[in-house]
Structure formats: structure tokens, C-alpha cells
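Quick look at my_file.txt (compact mmCIF, C-alpha atoms and all ligand atoms):
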# COMPACT_ATOMS: atom_id res chain seq x y z
CA MET A 21 169.60 96.09 89.15
CA ARG A 22 166.99 97.22 86.65
CA THR A 23 164.78 95.46 84.21
CA VAL A 24 164.44 96.26 80.58
CA ILE A 25 161.61 94.85 78.60
CA SER A 26 162.76 94.94 75.11
CA ILE A 27 160.43 94.94 72.20
CA LEU A 28 161.78 95.71 68.85
CA GLY A 29 160.25 95.83 65.44
CA ILE A 30 161.33 97.00 62.09
CA ILE A 31 160.48 100.46 60.94
CA LEU A 32 158.64 100.35 57.70
CA SER A 33 159.48 103.87 56.64
CA PRO A 34 160.44 103.60 52.99
CA ILE A 35 164.06 104.51 52.56
CA ALA A 36 164.90 107.08 49.98
CA LEU A 37 166.71 106.06 46.82
CA ALA A 38 170.38 105.35 47.30
CA LEU A 39 173.22 106.49 45.09
CA ASP A 40 173.01 104.04 42.24
CA ASN A 41 176.62 102.95 41.73
CA GLY A 42 176.17 99.36 42.86
CA LEU A 43 178.41 99.90 45.90
CA ALA A 44 177.98 99.93 49.68
CA LEU A 45 175.28 97.28 49.82
CA THR A 46 176.73 96.78 53.28
CA PRO A 47 178.89 99.34 55.14
CA ALA A 48 182.48 99.59 53.89
CA MET A 49 185.23 97.78 55.77
CA GLY A 50 188.85 98.76 55.61
CA TRP A 51 191.57 101.01 56.95
CA LEU A 52 191.94 104.81 56.81
CA HIS A 53 195.09 106.62 57.86
CA TRP A 54 193.80 109.81 59.51
CA GLU A 55 193.21 109.28 63.24
CA ARG A 56 196.43 107.34 63.76
CA PHE A 57 198.83 108.97 61.29
CA LEU A 58 197.35 112.46 60.80
CA CYS A 59 199.37 114.76 58.53
CA ASN A 60 202.79 113.34 59.27
CA VAL A 61 204.84 114.30 56.21
CA ASP A 62 208.23 113.97 57.87
CA CYS A 63 209.63 111.02 56.00
CA ASP A 64 213.21 112.04 56.74
CA THR A 65 213.03 111.44 60.45
CA ASP A 66 209.93 109.25 60.69
CA PRO A 67 209.91 107.07 57.56
CA ASN A 68 207.79 104.36 59.17
CA ASN A 69 204.86 106.58 60.03
CA CYS A 70 204.86 109.35 57.46
CA ILE A 71 202.17 109.65 54.78
CA SER A 72 203.92 107.88 51.92
CA GLU A 73 203.32 105.05 49.48
CA ARG A 74 205.35 102.84 51.78
CA LEU A 75 202.78 103.15 54.58
CA TYR A 76 199.90 101.93 52.38
CA MET A 77 201.98 99.18 50.79
CA GLN A 78 203.00 97.88 54.19
CA MET A 79 199.42 98.06 55.41
CA ALA A 80 198.27 96.15 52.31
CA ASP A 81 200.87 93.43 52.96
CA VAL A 82 199.77 93.09 56.57
CA MET A 83 196.09 93.08 55.66
CA VAL A 84 196.69 89.99 53.57
CA ARG A 85 199.21 88.32 55.88
CA ASP A 86 197.30 88.71 59.12
CA GLY A 87 193.79 87.74 58.04
CA TRP A 88 192.26 91.20 57.72
CA ARG A 89 191.27 90.74 54.09
CA GLU A 90 189.78 87.35 54.89
CA ALA A 91 187.78 88.91 57.75
CA GLY A 92 186.23 91.34 55.24
CA TYR A 93 188.43 94.45 55.47
CA GLU A 94 188.84 95.55 51.90
CA TYR A 95 189.66 99.24 51.44
CA ILE A 96 193.04 100.83 52.21
CA CYS A 97 192.33 104.54 52.33
CA ILE A 98 194.61 107.53 52.02
CA ASP A 99 193.38 110.62 53.91
CA ASP A 100 194.65 114.22 53.74
CA CYS A 101 198.22 115.34 52.97
CA TRP A 102 199.00 113.02 50.06
CA PRO A 103 199.15 115.55 47.19
CA SER A 104 201.72 117.94 46.01
CA HIS A 105 200.84 121.56 46.78
CA GLN A 106 200.76 122.25 43.02
CA ARG A 107 198.58 120.78 40.31
CA ASP A 108 200.41 119.62 37.17
CA ALA A 109 200.57 121.54 33.85
CA GLN A 110 197.20 120.05 32.83
CA GLY A 111 195.58 121.12 36.09
CA ARG A 112 195.54 117.61 37.54
CA LEU A 113 196.24 116.69 41.13
CA GLN A 114 199.53 114.88 41.60
CA ALA A 115 200.91 112.97 44.53
CA ASP A 116 203.80 114.46 46.46
CA PRO A 117 206.74 113.21 44.37
CA LYS A 118 209.06 112.63 47.29
CA ARG A 119 206.64 110.63 49.41
CA PHE A 120 204.88 108.85 46.51
CA PRO A 121 207.69 108.35 43.96
CA GLY A 122 205.70 105.69 42.09
CA GLY A 123 202.53 107.79 41.93
CA ILE A 124 199.01 106.78 42.88
CA LYS A 125 198.35 104.57 39.84
CA LYS A 126 201.23 102.31 40.75
CA LEU A 127 200.08 102.22 44.36
CA ALA A 128 196.55 101.30 43.24
CA ASP A 129 197.99 98.50 41.07
CA TYR A 130 199.92 97.21 44.07
CA VAL A 131 196.88 97.31 46.35
CA HIS A 132 194.77 95.59 43.67
CA SER A 133 197.41 92.88 43.25
CA LYS A 134 196.77 92.03 46.90
CA GLY A 135 193.04 91.66 46.28
CA LEU A 136 192.31 94.95 48.06
CA LYS A 137 190.93 98.34 47.03
CA LEU A 138 192.43 101.82 47.28
CA GLY A 139 190.72 104.89 48.71
CA ILE A 140 191.86 108.49 48.26
CA TYR A 141 190.92 111.85 49.79
CA GLY A 142 189.82 115.18 48.35
CA ASP A 143 187.84 118.25 49.36
CA VAL A 144 184.79 119.94 47.89
CA GLY A 145 186.25 123.40 48.59
CA VAL A 146 189.34 125.26 47.43
CA ASN A 147 191.64 123.55 49.93
CA THR A 148 191.67 120.39 51.98
CA CYS A 149 191.43 120.82 55.75
CA ALA A 150 195.22 120.56 56.00
CA GLY A 151 195.76 123.14 53.25
CA TYR A 152 196.43 120.98 50.18
CA PRO A 153 194.64 121.70 46.87
CA GLY A 154 190.88 121.18 46.97
CA SER A 155 188.67 120.21 44.05
CA GLN A 156 186.45 123.28 43.71
CA GLY A 157 186.51 124.21 40.04
CA TYR A 158 188.10 120.84 39.16
CA TYR A 159 185.40 118.27 39.96
CA GLU A 160 185.41 116.64 36.50
CA THR A 161 189.19 116.73 36.17
CA ASP A 162 189.74 115.22 39.60
CA ALA A 163 187.07 112.54 39.21
CA GLN A 164 188.67 111.51 35.91
CA THR A 165 192.16 111.54 37.43
CA PHE A 166 191.03 109.28 40.29
CA ALA A 167 189.31 106.94 37.82
CA ASP A 168 192.40 106.86 35.56
CA TRP A 169 194.53 105.93 38.54
CA GLY A 170 192.17 103.06 39.39
CA VAL A 171 191.05 104.53 42.71
CA ASP A 172 188.06 102.69 44.26
CA LEU A 173 186.88 105.10 46.96
CA LEU A 174 186.90 108.86 47.44
CA LYS A 175 186.57 110.49 50.87
CA PHE A 176 185.43 114.03 50.08
CA ASP A 177 185.92 116.56 52.87
CA GLY A 178 184.09 119.89 53.27
CA CYS A 179 186.70 122.46 54.40
CA PHE A 180 187.16 125.82 52.69
CA MET A 181 183.69 125.89 51.18
CA ASN A 182 180.77 128.24 51.72
CA TRP A 183 178.07 126.10 53.34
CA THR A 184 175.39 127.31 50.92
CA SER A 185 177.35 125.68 48.07
CA LEU A 186 178.05 122.40 49.90
CA SER A 187 175.14 120.48 48.43
CA GLU A 188 175.87 121.67 44.90
CA GLY A 189 179.54 120.74 45.21
CA TYR A 190 178.89 117.28 46.65
CA VAL A 191 176.26 116.53 44.00
CA LYS A 192 178.54 117.75 41.19
CA MET A 193 181.37 115.49 42.36
CA SER A 194 178.97 112.54 42.66
CA LYS A 195 177.89 113.09 39.05
CA ALA A 196 181.48 113.58 37.91
CA LEU A 197 182.49 110.27 39.51
CA ASN A 198 179.52 108.58 37.88
CA SER A 199 180.43 110.02 34.48
CA THR A 200 183.84 108.36 34.57
CA GLY A 201 182.06 105.02 34.10
CA LYS A 202 184.05 103.52 36.98
CA SER A 203 182.20 102.67 40.21
CA ILE A 204 183.88 104.71 42.91
CA TYR A 205 182.63 104.47 46.50
CA TYR A 206 181.78 108.03 47.52
CA SER A 207 182.31 108.97 51.17
CA CYS A 208 181.03 112.45 52.06
CA GLU A 209 181.30 114.88 54.96
CA TRP A 210 178.45 117.05 53.68
CA PRO A 211 176.08 116.79 56.69
CA LEU A 212 178.87 117.43 59.22
CA TYR A 213 179.60 120.81 57.63
CA GLU A 214 175.94 121.64 57.02
CA TRP A 215 174.63 120.87 60.55
CA ILE A 216 176.48 123.95 61.83
CA PHE A 217 174.04 126.14 59.86
CA ASN A 218 171.08 124.07 58.81
CA GLN A 219 169.39 120.66 59.08
CA PRO A 220 170.78 118.68 56.14
CA ASN A 221 168.53 117.06 53.55
CA TYR A 222 169.19 113.35 54.13
CA THR A 223 167.13 112.29 51.12
CA ALA A 224 169.50 114.23 48.87
CA ILE A 225 172.56 113.03 50.78
CA ARG A 226 171.51 109.39 50.41
CA GLU A 227 171.00 109.89 46.67
CA THR A 228 174.48 111.40 46.38
CA CYS A 229 176.83 109.52 48.73
CA ASN A 230 177.62 105.96 49.86
CA HIS A 231 178.27 107.07 53.41
CA TRP A 232 178.39 110.41 55.16
CA ARG A 233 179.91 111.89 58.31
CA ASN A 234 177.46 113.70 60.62
CA PHE A 235 179.54 114.61 63.60
CA ALA A 236 182.97 115.84 64.72
CA ASP A 237 186.22 113.94 64.18
CA ILE A 238 186.90 110.98 66.42
CA TYR A 239 189.88 111.14 68.76
CA ASP A 240 191.68 108.29 70.49
CA SER A 241 189.58 108.55 73.65
CA TRP A 242 186.50 107.10 75.35
CA SER A 243 185.02 110.58 75.67
CA ALA A 244 185.15 110.96 71.86
CA VAL A 245 183.36 107.62 71.40
CA LYS A 246 180.74 108.59 73.97
CA SER A 247 180.08 111.96 72.36
CA ILE A 248 179.52 110.24 69.00
CA LEU A 249 177.06 107.81 70.61
CA ASP A 250 175.25 110.67 72.39
CA TRP A 251 174.97 112.65 69.17
CA THR A 252 173.69 109.62 67.29
CA ALA A 253 171.10 108.76 69.94
CA SER A 254 169.82 112.31 70.08
CA HIS A 255 169.53 112.62 66.27
CA GLN A 256 168.43 109.07 65.51
CA ASP A 257 164.94 109.95 64.31
CA THR A 258 166.53 112.09 61.60
CA ILE A 259 169.51 110.00 60.58
CA VAL A 260 168.61 106.31 61.08
CA PRO A 261 165.86 106.21 58.43
CA ALA A 262 168.39 107.50 55.87
CA ALA A 263 170.63 104.44 56.27
CA GLY A 264 170.23 101.32 54.17
CA PRO A 265 171.92 99.36 51.38
CA GLY A 266 173.77 101.85 49.20
CA GLY A 267 174.18 104.58 51.86
CA TRP A 268 175.14 104.70 55.55
CA ASN A 269 175.71 107.10 58.42
CA ASP A 270 179.41 107.30 59.26
CA PRO A 271 180.25 107.86 62.95
CA ASP A 272 183.95 108.02 61.92
CA MET A 273 186.89 105.67 62.25
CA ILE A 274 187.38 102.67 64.49
CA ILE A 275 190.17 103.48 66.94
CA ILE A 276 190.51 99.99 68.44
CA GLY A 277 194.14 98.94 68.75
CA ASN A 278 195.47 102.40 69.60
CA PHE A 279 196.15 103.97 73.00
CA GLY A 280 193.01 105.62 74.34
CA LEU A 281 190.47 102.84 74.94
CA SER A 282 190.47 100.14 77.60
CA HIS A 283 189.62 96.62 76.51
CA ASP A 284 185.99 97.05 77.57
CA GLN A 285 185.76 100.36 75.75
CA GLN A 286 187.17 98.77 72.59
CA GLU A 287 184.45 96.12 72.83
CA SER A 288 181.90 98.90 73.22
CA GLN A 289 183.10 100.70 70.10
CA MET A 290 183.04 97.50 68.04
CA ALA A 291 179.58 96.48 69.28
CA LEU A 292 177.99 99.90 68.84
CA TRP A 293 179.54 100.51 65.42
CA ALA A 294 178.00 97.18 64.34
CA ILE A 295 174.61 98.18 65.80
CA MET A 296 174.84 101.57 64.01
CA ALA A 297 175.52 99.83 60.65
CA ALA A 298 178.62 102.01 60.50
CA PRO A 299 181.49 101.69 58.06
CA LEU A 300 184.27 99.77 59.80
CA LEU A 301 187.27 101.85 58.77
CA MET A 302 190.06 101.20 61.24
CA SER A 303 192.65 103.87 61.91
CA ASN A 304 195.36 102.03 63.76
CA ASP A 305 198.74 100.47 63.06
CA LEU A 306 198.06 96.98 61.78
CA ARG A 307 201.82 96.31 61.74
CA ASP A 308 201.82 96.50 65.51
CA ILE A 309 198.51 95.67 67.14
CA CYS A 310 197.86 93.64 70.27
CA PRO A 311 196.31 90.20 69.77
CA HIS A 312 193.27 91.12 71.86
CA SER A 313 192.37 94.09 69.67
CA LYS A 314 193.03 92.08 66.54
CA GLU A 315 190.75 89.29 67.71
CA LEU A 316 188.00 91.80 68.50
CA LEU A 317 188.32 93.55 65.13
CA GLN A 318 188.21 90.20 63.35
CA ASN A 319 185.32 88.80 65.43
CA ARG A 320 183.15 87.22 62.75
CA HIS A 321 179.99 87.34 64.86
CA ILE A 322 180.24 91.11 65.28
CA ILE A 323 181.22 91.59 61.64
CA ALA A 324 178.15 89.56 60.64
CA ILE A 325 175.95 92.03 62.57
CA SER A 326 177.73 94.98 60.94
CA GLN A 327 177.33 93.49 57.47
CA ASP A 328 173.82 92.09 57.92
CA PRO A 329 172.08 92.05 54.52
CA LEU A 330 168.81 93.51 55.82
CA GLY A 331 170.73 96.78 56.05
CA LYS A 332 168.81 98.47 58.87
CA GLN A 333 170.65 100.74 61.29
CA GLY A 334 169.82 100.20 64.98
CA TYR A 335 168.37 102.61 67.53
CA CYS A 336 169.10 103.49 71.12
CA THR A 337 165.91 102.11 72.65
CA ALA A 338 166.40 102.73 76.38
CA LYS A 339 168.46 104.74 78.80
CA VAL A 340 167.94 103.40 82.30
CA ASP A 341 170.01 103.49 85.47
CA SER A 342 173.15 104.49 83.52
CA PHE A 343 172.68 101.66 81.05
CA GLU A 344 171.95 102.25 77.39
CA VAL A 345 170.18 99.61 75.33
CA TRP A 346 170.67 99.69 71.56
CA GLU A 347 168.81 97.35 69.20
CA ARG A 348 169.30 96.56 65.52
CA PRO A 349 166.90 94.52 63.37
CA LEU A 350 168.70 91.79 61.45
CA SER A 351 167.80 89.52 58.56
CA LYS A 352 165.82 86.31 59.21
CA HIS A 353 163.71 88.17 61.81
CA ARG A 354 166.63 88.27 64.24
CA ILE A 355 167.76 91.23 66.29
CA ALA A 356 170.99 92.33 67.92
CA ILE A 357 170.89 93.97 71.35
CA ALA A 358 173.76 95.93 72.88
CA VAL A 359 173.73 96.88 76.55
CA LEU A 360 176.28 99.57 77.41
CA ASN A 361 177.13 100.23 81.06
CA LYS A 362 177.74 103.97 81.30
CA GLN A 363 178.44 104.01 85.04
CA GLU A 364 182.16 104.63 85.30
CA ILE A 365 182.52 103.82 88.96
CA GLY A 366 182.26 100.51 90.77
CA GLY A 367 182.34 97.05 89.28
CA PRO A 368 180.29 95.03 86.81
CA ARG A 369 176.53 95.61 86.99
CA LYS A 370 173.57 93.45 86.02
CA LEU A 371 170.61 94.31 83.87
CA LEU A 372 167.59 92.08 83.48
CA ILE A 373 166.31 91.79 79.94
CA SER A 374 163.02 90.11 79.29
CA ALA A 375 160.76 89.93 76.30
CA ALA A 376 157.62 92.02 76.46
CA PRO A 377 154.22 90.38 76.02
CA GLY A 378 153.46 90.25 72.32
CA TRP A 379 157.11 90.23 71.38
CA LYS A 380 156.67 87.67 68.63
CA ILE A 381 160.34 86.94 68.22
CA CYS A 382 160.29 84.94 71.47
CA ASP A 383 156.78 83.53 71.06
CA PRO A 384 156.78 80.63 71.45
CA GLN A 385 160.57 80.44 71.68
CA CYS A 386 163.72 82.24 70.68
CA ASN A 387 167.40 81.46 70.79
CA VAL A 388 169.76 83.91 72.46
CA THR A 389 173.50 84.12 71.90
CA ARG A 390 175.85 86.38 73.76
CA ILE A 391 178.65 87.58 71.50
CA LEU A 392 180.32 89.96 73.94
CA PRO A 393 181.90 89.99 76.44
CA GLN A 394 182.51 86.33 75.66
CA TYR A 395 180.79 84.15 73.10
CA THR A 396 178.20 82.02 74.91
CA GLU A 397 175.06 80.26 73.74
CA LEU A 398 172.42 81.34 76.22
CA GLY A 399 170.01 78.88 74.67
CA ILE A 400 166.28 78.74 74.20
CA GLN A 401 164.16 81.43 75.84
CA THR A 402 160.45 82.16 75.99
CA LEU A 403 158.32 85.18 76.82
CA GLN A 404 158.64 84.15 80.46
CA SER A 405 162.44 84.03 80.45
CA LYS A 406 164.42 86.50 82.45
CA LEU A 407 167.93 87.04 81.18
CA PHE A 408 170.57 88.85 83.16
CA VAL A 409 173.47 90.48 81.43
CA THR A 410 176.48 91.56 83.43
CA VAL A 411 178.41 94.48 82.02
CA ASN A 412 181.69 96.04 83.12
CA PRO A 413 181.93 99.82 83.50
CA SER A 414 182.12 101.37 80.00
CA GLY A 415 181.80 97.88 78.51
CA THR A 416 179.02 96.42 76.39
CA ALA A 417 177.17 93.11 76.30
CA LEU A 418 176.16 92.19 72.77
CA LEU A 419 173.44 89.60 72.12
CA THR A 420 171.60 88.22 69.15
CA VAL A 421 168.05 86.89 69.42
CA SER A 422 166.70 84.50 66.77
CA PRO A 423 163.14 83.21 66.55
CA ILE A 424 162.52 79.47 66.61
CA ARG A 425 159.56 77.80 64.85
CA GLY A 426 156.10 79.21 64.95
CA PHE A 427 157.30 82.65 63.98
CA THR A 428 154.69 83.32 61.38
CA ASN A 429 153.18 86.63 62.26
CA ASN A 430 155.53 88.85 60.33
CA MET A 431 153.05 91.67 60.18
CA HIS A 432 153.10 92.06 63.89
CA TRP A 433 156.85 92.37 63.77
CA HIS A 434 156.86 94.85 60.95
CA ASP A 435 154.14 96.96 62.50
CA HIS A 436 156.18 98.32 65.32
CA SER A 437 158.89 100.84 65.38
CA VAL A 438 161.78 100.29 67.72
CA LYS A 439 161.50 103.53 69.57
CA ASP A 440 157.73 103.76 69.83
CA LYS A 441 157.16 100.33 71.29
CA HIS A 442 160.08 99.96 73.57
CA THR A 443 159.08 99.70 77.22
CA VAL A 444 161.24 100.06 80.28
CA LEU A 445 160.10 98.92 83.67
C1 LIG A 501 188.68 116.74 58.61
C2 LIG A 501 187.99 115.39 58.54
C3 LIG A 501 188.94 114.32 59.06
C4 LIG A 501 190.22 114.32 58.26
C5 LIG A 501 190.84 115.71 58.27
C6 LIG A 501 192.00 115.81 57.30
O1 LIG A 501 188.90 117.16 59.91
O2 LIG A 501 186.80 115.39 59.27
O3 LIG A 501 188.32 113.05 59.02
O4 LIG A 501 189.95 113.92 56.94
O5 LIG A 501 189.90 116.71 57.90
O6 LIG A 501 192.57 117.08 57.26
Could you express the structure from this file as C-alpha cells?
Ligand code: GLA
Amino acid sequence: MRTVISILGIILSPIALALDNGLALTPAMGWLHWERFLCNVDCDTDPNNCISERLYMQMADVMVRDGWREAGYEYICIDDCWPSHQRDAQGRLQADPKRFPGGIKKLADYVHSKGLKLGIYGDVGVNTCAGYPGSQGYYETDAQTFADWGVDLLKFDGCFMNWTSLSEGYVKMSKALNSTGKSIYYSCEWPLYEWIFNQPNYTAIRETCNHWRNFADIYDSWSAVKSILDWTASHQDTIVPAAGPGGWNDPDMIIIGNFGLSHDQQESQMALWAIMAAPLLMSNDLRDICPHSKELLQNRHIIAISQDPLGKQGYCTAKVDSFEVWERPLSKHRIAIAVLNKQEIGGPRKLLISAAPGWKICDPQCNVTRILPQYTELGIQTLQSKLFVTVNPSGTALLTVSPIRGFTNNMHWHDHSVKDKHTVL
């Protein structure tokens, strides 16, 4: 058993200007086809799972029927492999006519009639990653086509593009989308493709995109989730200050409800994606999802952390005895704390969390709630309190801490940065 003294404050570093399209005040929530459905274009033998208008219409129906929309999930997003291999006579992208007989406009109308929004996919280079037409040379045309169709979000990939032109391409598309006069949420993969050669300019990225991928594609496995967390923790000084209302780091899709994660690991992904202020874009089959995963994905306490209006991304603040502690500042001077047990042998392990001297949030008293593994009010605590959390292997305990009365010294709180002041005993 180890003790963590947690002291968290809010970093005052001024965040750079965000893309000014009025969107992404909190991270996007929705569904994106890629991880689960990939580039399955075989509608003859696999009509239920192929990339076709039917898939998105069914997902839209289920999102309304099963409470997803009510829980906050809003975007239904098409990924790669939707277009025809040829542009039309006017040079416009067109959907594959066999798989999307109604076309994208009709699909967008359908999705809108359900009170949801439609996302589409393109690429800054000459081809998409799966070899469909890219937008290079057609940024204005494609932005206008998407706007004419009523598309609400564009995921813009970075394959088949010289890295030295990435920034120019992403900025041009951002401006082209803006010029359509329609607010279109702009999801970029610019830093992911630039990191290979160069440290990306996050000030420019934040001014250009509503969220951005930094790291490799997620797979349906715990090792993929862990590698994303490791990358994020080791680059947090660079990427966390870039996140805030209008623009967010995107650690990739939520894979809860698929095949690769145990129940504890699913809880870990949900908790950590909320701490990271990540977009919650599920890639799973909502038509067939187990009740446990559904309940976790619709957990309003975790969603409230994800969507907290203060809009600060959390940090990994301690790595001790194969535990990781992650902390996110929340509105109303609250914080969320996630404790991840990274020891994948043995049973549940305990960690002692206590407030450090001078930790104003618990001076004189604070209220602690455990959200995971099971919602429990842990009640009023003081600076003297010693709280144990018990965490299963590869699981996560998620807590919120709220100040009670007497919390007047805001300056003290704001003075400290999470990572500088954290102390581990
Ligand atoms: C890249 C992206 C993925 C997905 C595929 C589609 O690998 O990172 O998220 O969009 O392309 O081909």
C-alpha cells in the first residue's frame, strides 16, 4: 500500500485562441464508424456491417431509441471508404452510388430529423488512407459540397501528403469550411502526421481545428489504450495547455462495448477519456451492446466530468507503485481524480489518498464522491482525512472532490500547477 498526497491547482497559462466557429465548447460526443467497421464495403455478403447509408440510419435510430442522444451523444460520423472512386463531372466528391443510393444530403436530412448531427471524412492529401479521393487541390469545392449536403463535422485525415505542406493544407481547409458560412466541426489529424518529423505548433493547431489526433490509431485492445495513456502522460506539458473550449486533444475513439477490453479496462478508458477532456466518439455496434457497457457509456457522472464547462484537460500527476494518478480541475473549484492500477497480476490493491497541507480544496472541509467502480458518497473529509481507494488490476477508481464552505482563497488554488505541486510520499 502506498500513499499519495494529492495537491492540484489550475494552471494559469493563457490558452491560445481557439478556432472561432462557435463549436466544441466541450469535447464532441457521438459515434464514429472506423475502429469497429473499418473499410467493409462488402454489402453483398455483409449488408449489416458494410459502410452504407443503412449503417448510419440504423445507428441514428438506435441512438434515439436507447437513450444515447439523451445522454449527450450527438454526432454520427462516417469515416473512410464512403465515396465513389471518381469525382463527378463538376469535380465534386460523390458517395458510392451502390452503398449510398440516397446520397449524403438525404442521409444528413435523416440524421437531422432524429435531432442528431452528421459527420463525414476527408483527407488533406491526394488520397484518403484507404485510397479514396483526397481533397488536395479541391479544398474549396469539398468544403462547399459538405456544407451543401448539410454535414456538421469533418474528420480530415493526413495520408498521402508531404509533411511540409500539412499545416498549409489543414489551414486552407479550415478557412474553406469557414467561408461556406456553415459552422462545421473540424476534426484534424495534423499533429499525428507531423510528430513523425517535427514538433507540431499547437498554437496554430488550436486556431485551426476543433480537435486533433496526436497519436497512432486505437485498436480494440488494452495495450492500445495503455500506449495512448503513456504517450499522453509523456507529452502532457506540450499538449495539455493547448486544450480548452473550442479545441481539444483527441486520443481517438472509445472502444467500450467491443471485444478487447475487460469490464475494468472499459471503466479505465471511460474515466481517463473524461479526465483527458477527450472527445467521446464511440466506435462500437450500438445495435448490439451489452447492458454493462451501455450503462458505463451513459454514466452521467462521468459524462459531466468529460463535459465540464471549465474546459481544462487533466494531467497525470503521479506514478507510484504501479498506480497512476490523474487529476482534472473542474468548475466550481472541484477536481476529478482517477487512480489507475497498472499492476496486471494479483488482486485489487489499495492506495491511500490524502490532502496535502495547504490544499485549500479540503480546508476546512471537502466532499468526496466515488464515481467508479461504484457510485458512493464518501462524505465530508478534511486535511486530516485518509481515504483508501481499492482498485482492480487494470481498473480505475474515479473520484470527485468538492470544497465545502470557507473556500475563499481562490488565488492559492490558481497559483499552483498540477504537476509542479504534486507530492508523493
Ligand atoms: C487513419 C486514421 C484512422 C482512420 C483511417 C481510415 O489511419 O488515423 O482514424 O480514419 O485512416 O482509413
**Message:** Show me, as a PyMOL selection string, the residues that have an atom within 12 Å of Leu37 in chain A when counting all atoms listed in the file, minus same-chain residues fewer than 6 positions from it.
**Reply:** chain A and resi 222-230+261-267
**Item:** Neighbour list for Gly151 in chain A as a PyMOL selection string, cut-off 12 Å, all atoms listed in the file, skip fewer than 3 positions in-chain
**Value:** chain A and resi 59+100-106+142-143+145-148+154-155+177+179-180
Based on the selection just made, write C-alpha atoms of those residues as a compact mmCIF listing (two decimals), in the coordinates of the input.
# COMPACT_ATOMS: atom_id res chain seq x y z
CA CYS A 59 199.37 114.76 58.53
CA ASP A 100 194.65 114.22 53.74
CA CYS A 101 198.22 115.34 52.97
CA TRP A 102 199.00 113.02 50.06
CA PRO A 103 199.15 115.55 47.19
CA SER A 104 201.72 117.94 46.01
CA HIS A 105 200.84 121.56 46.78
CA GLN A 106 200.76 122.25 43.02
CA GLY A 142 189.82 115.18 48.35
CA ASP A 143 187.84 118.25 49.36
CA GLY A 145 186.25 123.40 48.59
CA VAL A 146 189.34 125.26 47.43
CA ASN A 147 191.64 123.55 49.93
CA THR A 148 191.67 120.39 51.98
CA GLY A 154 190.88 121.18 46.97
CA SER A 155 188.67 120.21 44.05
CA ASP A 177 185.92 116.56 52.87
CA CYS A 179 186.70 122.46 54.40
CA PHE A 180 187.16 125.82 52.69
If the box runs along x, y and z of the file and leaves 3 Å on each side of ligand LIG 501 (chain A), what are its centre and edge lengths in Å, one decimal, as lines of an AutoDock Vina configuration file?
center_x = 189.7
center_y = 115.1
center_z = 58.4
size_x = 11.8
size_y = 10.1
size_z = 9.0
**Message:** List as number ranges by chain the protein and nucleic acid residues near Ile365 in chain A, meaning an atom at most 10 Å away when all atoms listed in the file are counted, but skip any in the same chain fewer than 3 places from it.
**Reply:** A: 362, 368, 412-414
**Asked** Could you state the separation of CA of Trp51 in chain A and CA of Tyr93 in chain A in Å, given to one decimal place?
**Response**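 According to the coordinates, CA of Trp51 in chain A and CA of Tyr93 in chain A are separated by 7.4 Å.
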Find the residues around Val359 in chain A up to 6 Å (all atoms listed in the file counted), leave out those fewer than 2 positions away in its own chain, and share them as a PDB file with C-alpha atoms, keeping the file's coordinate frame.
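Wrote out.pdb, looks like this:
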ATOM      1  CA  GLU A 344     171.950 102.250  77.390  1.00  0.00           C
ATOM      2  CA  VAL A 345     170.180  99.610  75.330  1.00  0.00           C
ATOM      3  CA  THR A 416     179.020  96.420  76.390  1.00  0.00           C
ATOM      4  CA  ALA A 417     177.170  93.110  76.300  1.00  0.00           C
TER       5      ALA A 417
END
**Message:** Restricting the calculation to only C-alpha atoms: of A:Leu186, A:Ile274, A:Ala115, A:Leu372, which residue gets closest to Phe166 in chain A?
**Reply:**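 Using only C-alpha atoms, Phe166 in chain A sits closest to A:Ala115.
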**Asked** Using only C-alpha atoms and all ligand atoms, which of the listed residues (A:Arg369, A:Arg233, A:Lys118, A:Lys406) sits closest to ligand LIG 501 (chain A)?
**Response**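 For ligand LIG 501 (chain A), the nearest of the candidates is A:Arg233.
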Could range 214-228 of chain A be written out with N, CA and C atoms, as a PDB file, in the first residue's frame, please?
ATOM      1  N   GLU A 214       2.500  15.111 -38.246  1.00  0.00           N
ATOM      2  CA  GLU A 214       3.676  15.985 -38.161  1.00  0.00           C
ATOM      3  C   GLU A 214       4.702  15.508 -37.135  1.00  0.00           C
ATOM      4  N   TRP A 215       4.221  14.866 -36.037  1.00  0.00           N
ATOM      5  CA  TRP A 215       5.136  14.418 -34.976  1.00  0.00           C
ATOM      6  C   TRP A 215       6.265  13.528 -35.511  1.00  0.00           C
ATOM      7  N   ILE A 216       5.974  12.791 -36.584  1.00  0.00           N
ATOM      8  CA  ILE A 216       6.978  11.880 -37.150  1.00  0.00           C
ATOM      9  C   ILE A 216       8.235  12.668 -37.549  1.00  0.00           C
ATOM     10  N   PHE A 217       8.046  13.935 -37.935  1.00  0.00           N
ATOM     11  CA  PHE A 217       9.173  14.720 -38.463  1.00  0.00           C
ATOM     12  C   PHE A 217       9.563  15.900 -37.584  1.00  0.00           C
ATOM     13  N   ASN A 218       8.610  16.400 -36.792  1.00  0.00           N
ATOM     14  CA  ASN A 218       8.775  17.730 -36.247  1.00  0.00           C
ATOM     15  C   ASN A 218       7.817  17.923 -35.080  1.00  0.00           C
ATOM     16  N   GLN A 219       8.184  18.779 -34.098  1.00  0.00           N
ATOM     17  CA  GLN A 219       7.201  19.076 -33.045  1.00  0.00           C
ATOM     18  C   GLN A 219       6.144  20.044 -33.591  1.00  0.00           C
ATOM     19  N   PRO A 220       4.874  19.624 -33.582  1.00  0.00           N
ATOM     20  CA  PRO A 220       3.839  20.479 -34.165  1.00  0.00           C
ATOM     21  C   PRO A 220       3.639  21.779 -33.390  1.00  0.00           C
ATOM     22  N   ASN A 221       3.101  22.763 -34.075  1.00  0.00           N
ATOM     23  CA  ASN A 221       2.822  24.063 -33.479  1.00  0.00           C
ATOM     24  C   ASN A 221       1.375  24.041 -32.963  1.00  0.00           C
ATOM     25  N   TYR A 222       1.231  23.794 -31.642  1.00  0.00           N
ATOM     26  CA  TYR A 222      -0.114  23.621 -31.087  1.00  0.00           C
ATOM     27  C   TYR A 222      -0.910  24.923 -31.029  1.00  0.00           C
ATOM     28  N   THR A 223      -0.217  26.052 -31.054  1.00  0.00           N
ATOM     29  CA  THR A 223      -0.966  27.321 -31.100  1.00  0.00           C
ATOM     30  C   THR A 223      -1.705  27.405 -32.432  1.00  0.00           C
ATOM     31  N   ALA A 224      -0.998  27.072 -33.510  1.00  0.00           N
ATOM     32  CA  ALA A 224      -1.619  27.113 -34.838  1.00  0.00           C
ATOM     33  C   ALA A 224      -2.705  26.039 -34.959  1.00  0.00           C
ATOM     34  N   ILE A 225      -2.446  24.877 -34.391  1.00  0.00           N
ATOM     35  CA  ILE A 225      -3.421  23.782 -34.500  1.00  0.00           C
ATOM     36  C   ILE A 225      -4.720  24.166 -33.793  1.00  0.00           C
ATOM     37  N   ARG A 226      -4.572  24.765 -32.601  1.00  0.00           N
ATOM     38  CA  ARG A 226      -5.758  25.175 -31.846  1.00  0.00           C
ATOM     39  C   ARG A 226      -6.557  26.261 -32.584  1.00  0.00           C
ATOM     40  N   GLU A 227      -5.845  27.109 -33.314  1.00  0.00           N
ATOM     41  CA  GLU A 227      -6.543  28.173 -34.065  1.00  0.00           C
ATOM     42  C   GLU A 227      -7.257  27.624 -35.298  1.00  0.00           C
ATOM     43  N   THR A 228      -6.898  26.385 -35.673  1.00  0.00           N
ATOM     44  CA  THR A 228      -7.362  25.832 -36.952  1.00  0.00           C
ATOM     45  C   THR A 228      -8.434  24.749 -36.796  1.00  0.00           C
TER      46      THR A 228
END
